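A short write-up of the structure that comes next.
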Amino acid sequence: MAQLNTSSNYYALVEMLQLIRVIHDNGALDALRGISEVSEDDFLEIALTALENAAPICTMEEIPMTADEEPVPDYEPGDTYIDCEHWHTKCSFTSPEMLEYYRLCRLFEYREGIEPEDNIYVTEAEAHYVNCLRRAQGHYCAGYDDDRHTTRLVFESCPDYDYSLPDIVWEVRDTLAYYAENVNTLARDIALGRFVYLPALPAYKGDA
């Protein structure tokens, strides 16, 4: 196990320990085996490792950008990287709970005959996500992979702009925690809700 370098900045060490906890909770602690002493010099490596393992299911890719392309949707006002020709880093994150949550949302919408924008479970999850996003600092694009029934959180960053790797990690962690904490409530509400039955035959009219 790595030792702490107590001569380093205290707050940086606390944040690194929080990042290591995220890595540990997602079963990727082996990725840090090469670090024997945790100090400020290791901050970037630990933050990158935490980003790569911020969720049970993660993907990262480098994508080219041209002036004709738009990044993923951004809930916050910010730069859209117009005229950028750099390669961007695109990360997507999800979890079994998030996938199940939106599967149940589709069932709920079908049962109630409503659209996603009228589904309280969808709107409350989005409100929680936006609140997490507003706490972040720096410039990067963030959104869902689909406006209606999402399966992933998607983040896109540009090398021309400053952004905080830990902020993205916290946003992913807190957003996915919402689904984990609420998916059982949604399942229960669906199970206890009114049952919709569409008979194959005309309704019974009683005796003549």
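Ordered as shown in the structure tokens, chains take letters A, B, and onward, while each chain numbers its residues from 1 and ligands are numbered from 1 in the order shown.
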
Quick one: everything within 8 Å of A:Asp145, counting only C-alpha atoms, minus sequence neighbours fewer than 6 positions away in the same chain. Send it as a PDB file with all heavy atoms, in the first residue's frame.
```pdb
ATOM      1  N   VAL A  72     -20.831  17.149 -27.531  1.00  0.00           N
ATOM      2  CA  VAL A  72     -22.041  16.648 -26.876  1.00  0.00           C
ATOM      3  C   VAL A  72     -22.806  17.803 -26.255  1.00  0.00           C
ATOM      4  O   VAL A  72     -22.241  18.869 -26.009  1.00  0.00           O
ATOM      5  CB  VAL A  72     -21.666  15.617 -25.794  1.00  0.00           C
ATOM      6  CG1 VAL A  72     -21.043  14.404 -26.414  1.00  0.00           C
ATOM      7  CG2 VAL A  72     -20.736  16.237 -24.756  1.00  0.00           C
ATOM      8  N   THR A 151     -28.451   6.278 -21.727  1.00  0.00           N
ATOM      9  CA  THR A 151     -27.764   5.120 -21.155  1.00  0.00           C
ATOM     10  C   THR A 151     -26.396   5.481 -20.608  1.00  0.00           C
ATOM     11  O   THR A 151     -25.794   4.692 -19.900  1.00  0.00           O
ATOM     12  CB  THR A 151     -27.578   4.009 -22.206  1.00  0.00           C
ATOM     13  OG1 THR A 151     -26.799   4.519 -23.303  1.00  0.00           O
ATOM     14  CG2 THR A 151     -28.918   3.525 -22.737  1.00  0.00           C
ATOM     15  N   ARG A 152     -25.905   6.686 -20.934  1.00  0.00           N
ATOM     16  CA  ARG A 152     -24.549   7.046 -20.513  1.00  0.00           C
ATOM     17  C   ARG A 152     -24.450   8.544 -20.225  1.00  0.00           C
ATOM     18  O   ARG A 152     -25.164   9.365 -20.803  1.00  0.00           O
ATOM     19  CB  ARG A 152     -23.533   6.712 -21.616  1.00  0.00           C
ATOM     20  CG  ARG A 152     -23.427   5.255 -21.958  1.00  0.00           C
ATOM     21  CD  ARG A 152     -22.241   4.997 -22.892  1.00  0.00           C
ATOM     22  NE  ARG A 152     -22.292   5.804 -24.105  1.00  0.00           N
ATOM     23  CZ  ARG A 152     -22.967   5.482 -25.204  1.00  0.00           C
ATOM     24  NH1 ARG A 152     -23.652   4.369 -25.247  1.00  0.00           N
ATOM     25  NH2 ARG A 152     -22.948   6.260 -26.263  1.00  0.00           N
ATOM     26  N   LEU A 153     -23.513   8.877 -19.342  1.00  0.00           N
ATOM     27  CA  LEU A 153     -23.054  10.253 -19.180  1.00  0.00           C
ATOM     28  C   LEU A 153     -21.873  10.439 -20.119  1.00  0.00           C
ATOM     29  O   LEU A 153     -20.999   9.572 -20.194  1.00  0.00           O
ATOM     30  CB  LEU A 153     -22.602  10.512 -17.747  1.00  0.00           C
ATOM     31  CG  LEU A 153     -23.645  10.367 -16.649  1.00  0.00           C
ATOM     32  CD1 LEU A 153     -22.966  10.399 -15.281  1.00  0.00           C
ATOM     33  CD2 LEU A 153     -24.660  11.480 -16.752  1.00  0.00           C
ATOM     34  N   VAL A 154     -21.841  11.558 -20.833  1.00  0.00           N
ATOM     35  CA  VAL A 154     -20.783  11.788 -21.813  1.00  0.00           C
ATOM     36  C   VAL A 154     -20.094  13.112 -21.518  1.00  0.00           C
ATOM     37  O   VAL A 154     -20.750  14.127 -21.282  1.00  0.00           O
ATOM     38  CB  VAL A 154     -21.343  11.801 -23.254  1.00  0.00           C
ATOM     39  CG1 VAL A 154     -20.218  11.968 -24.263  1.00  0.00           C
ATOM     40  CG2 VAL A 154     -22.132  10.528 -23.539  1.00  0.00           C
TER      41      VAL A 154
END
```

Contacts of A:Cys158 at 8 Å (only C-alpha atoms; same-chain gap of 3+ positions) as a CSV table (one decimal) with N, CA and C atoms, in the first residue's frame:
```csv
chain,number,residue,atom,x,y,z
A,81,TYR,N,-16.5,25.1,-28.7
A,81,TYR,CA,-15.3,24.7,-29.4
A,81,TYR,C,-15.4,24.8,-30.9
A,86,HIS,N,-8.4,20.5,-32.8
A,86,HIS,CA,-7.7,19.6,-31.9
A,86,HIS,C,-8.4,18.2,-31.8
A,87,TRP,N,-7.6,17.3,-31.3
A,87,TRP,CA,-8.3,16.0,-30.9
A,87,TRP,C,-8.8,16.2,-29.5
A,88,HIS,N,-10.1,15.8,-29.3
A,88,HIS,CA,-10.7,15.9,-28.0
A,88,HIS,C,-10.7,14.6,-27.3
A,89,THR,N,-10.8,14.6,-26.0
A,89,THR,CA,-11.0,13.4,-25.2
A,89,THR,C,-12.5,13.3,-24.9
A,140,TYR,N,-15.6,22.3,-20.2
A,140,TYR,CA,-15.7,21.0,-20.9
A,140,TYR,C,-17.2,20.8,-21.2
A,161,TYR,N,-8.6,24.3,-23.4
A,161,TYR,CA,-9.3,24.8,-22.3
A,161,TYR,C,-9.0,24.1,-21.0
```

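Closest approach to A:Leu17 among A:Glu115, A:Asp42, A:Glu156, A:Asp174 is made by A:Asp42 (distances from only C-alpha atoms).
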
Quick one: residues within 12 Å of stretch 133-135 of chain A, only C-alpha atoms, excluding same-chain residues fewer than 5 positions away - as an mmCIF file with C-alpha atoms, in the first residue's frame?
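And here's out11.cif as it stands now:
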```
data_model
loop_
_atom_site.group_PDB
_atom_site.id
_atom_site.type_symbol
_atom_site.label_atom_id
_atom_site.label_comp_id
_atom_site.auth_asym_id
_atom_site.auth_seq_id
_atom_site.Cartn_x
_atom_site.Cartn_y
_atom_site.Cartn_z
ATOM 1 C CA ASP A 74 -23.942 21.079 -22.613
ATOM 2 C CA TYR A 75 -26.421 22.036 -19.909
ATOM 3 C CA GLU A 76 -24.373 25.050 -18.895
ATOM 4 C CA PRO A 77 -23.547 28.132 -20.978
ATOM 5 C CA GLY A 78 -20.022 27.753 -22.252
ATOM 6 C CA GLU A 126 -31.806 15.551 -14.731
ATOM 7 C CA ALA A 127 -32.205 18.238 -12.047
ATOM 8 C CA HIS A 128 -29.800 16.350 -9.798
ATOM 9 C CA TYR A 140 -15.709 21.035 -20.909
ATOM 10 C CA CYS A 141 -18.891 19.749 -22.482
ATOM 11 C CA ALA A 142 -21.132 17.372 -20.590
ATOM 12 C CA GLY A 143 -24.443 15.731 -21.295
ATOM 13 C CA LEU A 153 -23.054 10.253 -19.180
ATOM 14 C CA PHE A 155 -17.960 14.285 -21.284
ATOM 15 C CA SER A 164 -10.629 19.990 -13.401
ATOM 16 C CA PRO A 166 -11.514 15.712 -10.087
ATOM 17 C CA ASP A 167 -14.605 17.808 -10.859
ATOM 18 C CA ILE A 168 -15.572 15.368 -13.617
ATOM 19 C CA VAL A 169 -14.900 12.417 -11.313
ATOM 20 C CA TRP A 170 -17.118 13.927 -8.579
ATOM 21 C CA GLU A 171 -19.850 14.671 -11.088
ATOM 22 C CA VAL A 172 -19.847 11.112 -12.400
ATOM 23 C CA ARG A 173 -19.744 9.655 -8.893
ATOM 24 C CA ASP A 174 -22.563 11.825 -7.521
ATOM 25 C CA THR A 175 -24.776 11.404 -10.587
#
```

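Among the candidates A:Asp160, A:Glu100, A:Glu61, A:Glu52, the residue lying nearest to A:Leu19 is A:Glu52 (atoms considered: only C-alpha atoms).
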
Backbone DSSP call of strand (DSSP E or B) for stretch 87-182 of chain A, listed as JSON, numbers by chain
{"A": [87, 88, 89, 90, 91, 92, 93, 94, 138, 141, 142, 143, 144, 153, 154, 155, 156, 157, 163]}

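The residue that comes closest to A:Ala54, out of A:Leu107, A:Leu176, A:Leu13, A:Leu99 and on the basis of only C-alpha atoms, is A:Leu176.
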
Selection near A:Ala191, 12 Å with only C-alpha atoms, sequence-local residues under 6 positions removed, as number ranges by chain:
A: 104, 107-108, 111, 184-185

Could you save those same residues with N, CA, C and O atoms as a PDB file, in the first residue's frame?
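Output saved as result13.pdb:
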```pdb
ATOM      1  N   LEU A 104     -36.706   1.282 -16.473  1.00  0.00           N
ATOM      2  CA  LEU A 104     -37.946   1.410 -15.711  1.00  0.00           C
ATOM      3  C   LEU A 104     -38.700   2.683 -16.088  1.00  0.00           C
ATOM      4  O   LEU A 104     -39.935   2.701 -16.093  1.00  0.00           O
ATOM      5  N   LEU A 107     -40.793   1.930 -19.020  1.00  0.00           N
ATOM      6  CA  LEU A 107     -41.978   1.176 -18.621  1.00  0.00           C
ATOM      7  C   LEU A 107     -43.028   2.091 -17.990  1.00  0.00           C
ATOM      8  O   LEU A 107     -44.230   1.971 -18.265  1.00  0.00           O
ATOM      9  N   PHE A 108     -42.560   2.992 -17.140  1.00  0.00           N
ATOM     10  CA  PHE A 108     -43.472   3.922 -16.473  1.00  0.00           C
ATOM     11  C   PHE A 108     -44.177   4.815 -17.492  1.00  0.00           C
ATOM     12  O   PHE A 108     -45.385   5.056 -17.396  1.00  0.00           O
ATOM     13  N   ARG A 111     -46.776   2.793 -19.364  1.00  0.00           N
ATOM     14  CA  ARG A 111     -47.946   2.510 -18.541  1.00  0.00           C
ATOM     15  C   ARG A 111     -48.834   3.727 -18.359  1.00  0.00           C
ATOM     16  O   ARG A 111     -50.057   3.648 -18.402  1.00  0.00           O
ATOM     17  N   ASN A 184     -34.496   1.500  -6.772  1.00  0.00           N
ATOM     18  CA  ASN A 184     -35.423   0.598  -6.079  1.00  0.00           C
ATOM     19  C   ASN A 184     -36.749   1.287  -5.777  1.00  0.00           C
ATOM     20  O   ASN A 184     -37.812   0.642  -5.807  1.00  0.00           O
ATOM     21  N   THR A 185     -36.690   2.579  -5.474  1.00  0.00           N
ATOM     22  CA  THR A 185     -37.927   3.327  -5.249  1.00  0.00           C
ATOM     23  C   THR A 185     -38.764   3.371  -6.522  1.00  0.00           C
ATOM     24  O   THR A 185     -39.986   3.193  -6.490  1.00  0.00           O
TER      25      THR A 185
END
```

For A:Tyr121: contacts at 9 Å, only C-alpha atoms, fewer than 3 positions along chain excluded, given as a ChimeraX atom specification
/A:101-102,105,116,118,124-126,186

Please, which residues of stretch 101-177 of chain A, numbered as in this document, come out alpha helix (DSSP H) from DSSP, as a ChimeraX atom specification?
/A:101-112,120-134,165-177

What is the atom CA of A:Ser92 to atom CA of A:Ala55 distance in Å?
9.1 Å

To one decimal place in Å, what is the distance between atom CA of A:Asp162 and atom CA of A:Ile63?
18.0 Å

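For the pair atom CA of A:Arg148 and atom CA of A:Leu192, the interatomic distance is 24.5 Å.
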